[in-house]
Amino acid sequence: MSYSPILEFFAEELRIVRTAANMSQADLAEAINYSTALVGKIENCDRRPSPDFARRCDKVLETGGLFERAQRKLGREALVAWFREWAEIEQEADALRSFQPLFVPGLLQTEAYARTVLSGSGLLRSQALEQQVTTRLERQELLTRDQSPLLTVVMDESVLRRPVGGPQVMREQLRHLAKVGESLPRVRLHVVPGAAGAYAGLNGPFVVATPPTGDDIVYIEGQLNGQTYDRADDIKRTVQVWESIRGEALPHQQSLELISEMAETWT
């Protein structure tokens, strides 16, 4: 059976470093608070390591971030080719401004909501679907790391009303949004109320990333693929649209109250 070169690298380096530290699989498992069976499966390339697993290994084995870097590459490898460039930009950004008129953005989706969205096309086989769900959830870890970006999200009120996955999925998803908005100070949520009528954002979703150095970058996703834009004129027009949308949206706290109220209507 052939495995991903990055997965094989991770597994081999884990065996080498663990052995050099005079630790058995059981010793490492106890030190990082994971099962021995999981450590064995990862070393045999039967399971992909999670970001948390990689970080704990780095800390215990004192590798200077080796496993976390490898895990990030592994995560990008699982993404569809056209999304990989943006995934790297997203992970390195100092700030992200996201507008979504259709559904909850991927960085804020629950597992059940993400699975429903990704399975909607009916084009993904079961294994591929689960891999995409896992990868999407792994991307969300950037929101809780030490150097997390400032994430500002504006959603149309219809996102809160669209029955994605049924009442239970929607209730869980909206409660999750409210919790994230309350607990993570670098996440700001805004809702454009239905009473706003027609406004600039109805032309479609987009994200503006502010990298550590250089100018902003825009990402726009369509039916076939996604595309990044870095021309000054494109950035200027998109930021103008963003400011117009923000002008229509409710403040953060008022938006959280609306999201919480809507969550309890899904019964």
# chains A, B, ... in the order shown; residues from 1 in each chain; ligands from 1

$ residues_around --residues "A:Glu138" --least-positions-apart "5" --cutoff "8 Å" --atoms "only C-alpha atoms" --output "list in words"
Ser50, Pro51 and Gly75 of chain A

$ residues_around --residues "stretch 110-112 of chain A" --least-positions-apart "6" --cutoff "8 Å" --atoms "only C-alpha atoms" --output "ChimeraX atom specification"
/A:133,137,165,169,172-173,176

$ closest_residue --among "A:Arg56, A:His190, A:Lys73, A:Arg47" --to "A:Thr152" --atoms "only C-alpha atoms"
A:His190

$ closest_residue --among "A:Phe9, A:Tyr113, A:Tyr219, A:Phe99" --to "A:Glu243" --atoms "only C-alpha atoms"
A:Phe99

$ closest_residue --among "A:Arg97, A:Lys41, A:Arg48, A:Arg171" --to "A:Val241" --atoms "only C-alpha atoms"
A:Arg97

$ closest_residue --among "A:Val154, A:Ala37, A:Ile89, A:Ala29" --to "A:Asp230" --atoms "only C-alpha atoms"
A:Ile89

$ residues_around --residues "A:Phe67" --least-positions-apart "4" --cutoff "10 Å" --atoms "only C-alpha atoms" --output "list of chain:residue names"
A:Phe9, A:Phe10, A:Ala11, A:Glu13, A:Leu14, A:Pro49, A:Pro51, A:Phe53, A:Ala54, A:Arg55, A:Arg56, A:Cys57, A:Asp58, A:Lys59, A:Leu61, A:Thr63, A:Gln71, A:Arg72, A:Lys73

$ closest_residue --among "A:Ala114, A:Asn22, A:Leu250, A:Leu177" --to "A:Glu130" --atoms "only C-alpha atoms"
A:Ala114

$ select_by_dssp --residues "stretch 4-211 of chain A" --states "strand (DSSP E)" --output "PyMOL selection string"
chain A and resi 95-100+150-156+187-192+206-210

$ closest_residue --among "A:Gly120, A:Pro212, A:Gly106, A:Gly166" --to "A:Asp94" --atoms "only C-alpha atoms"
A:Pro212
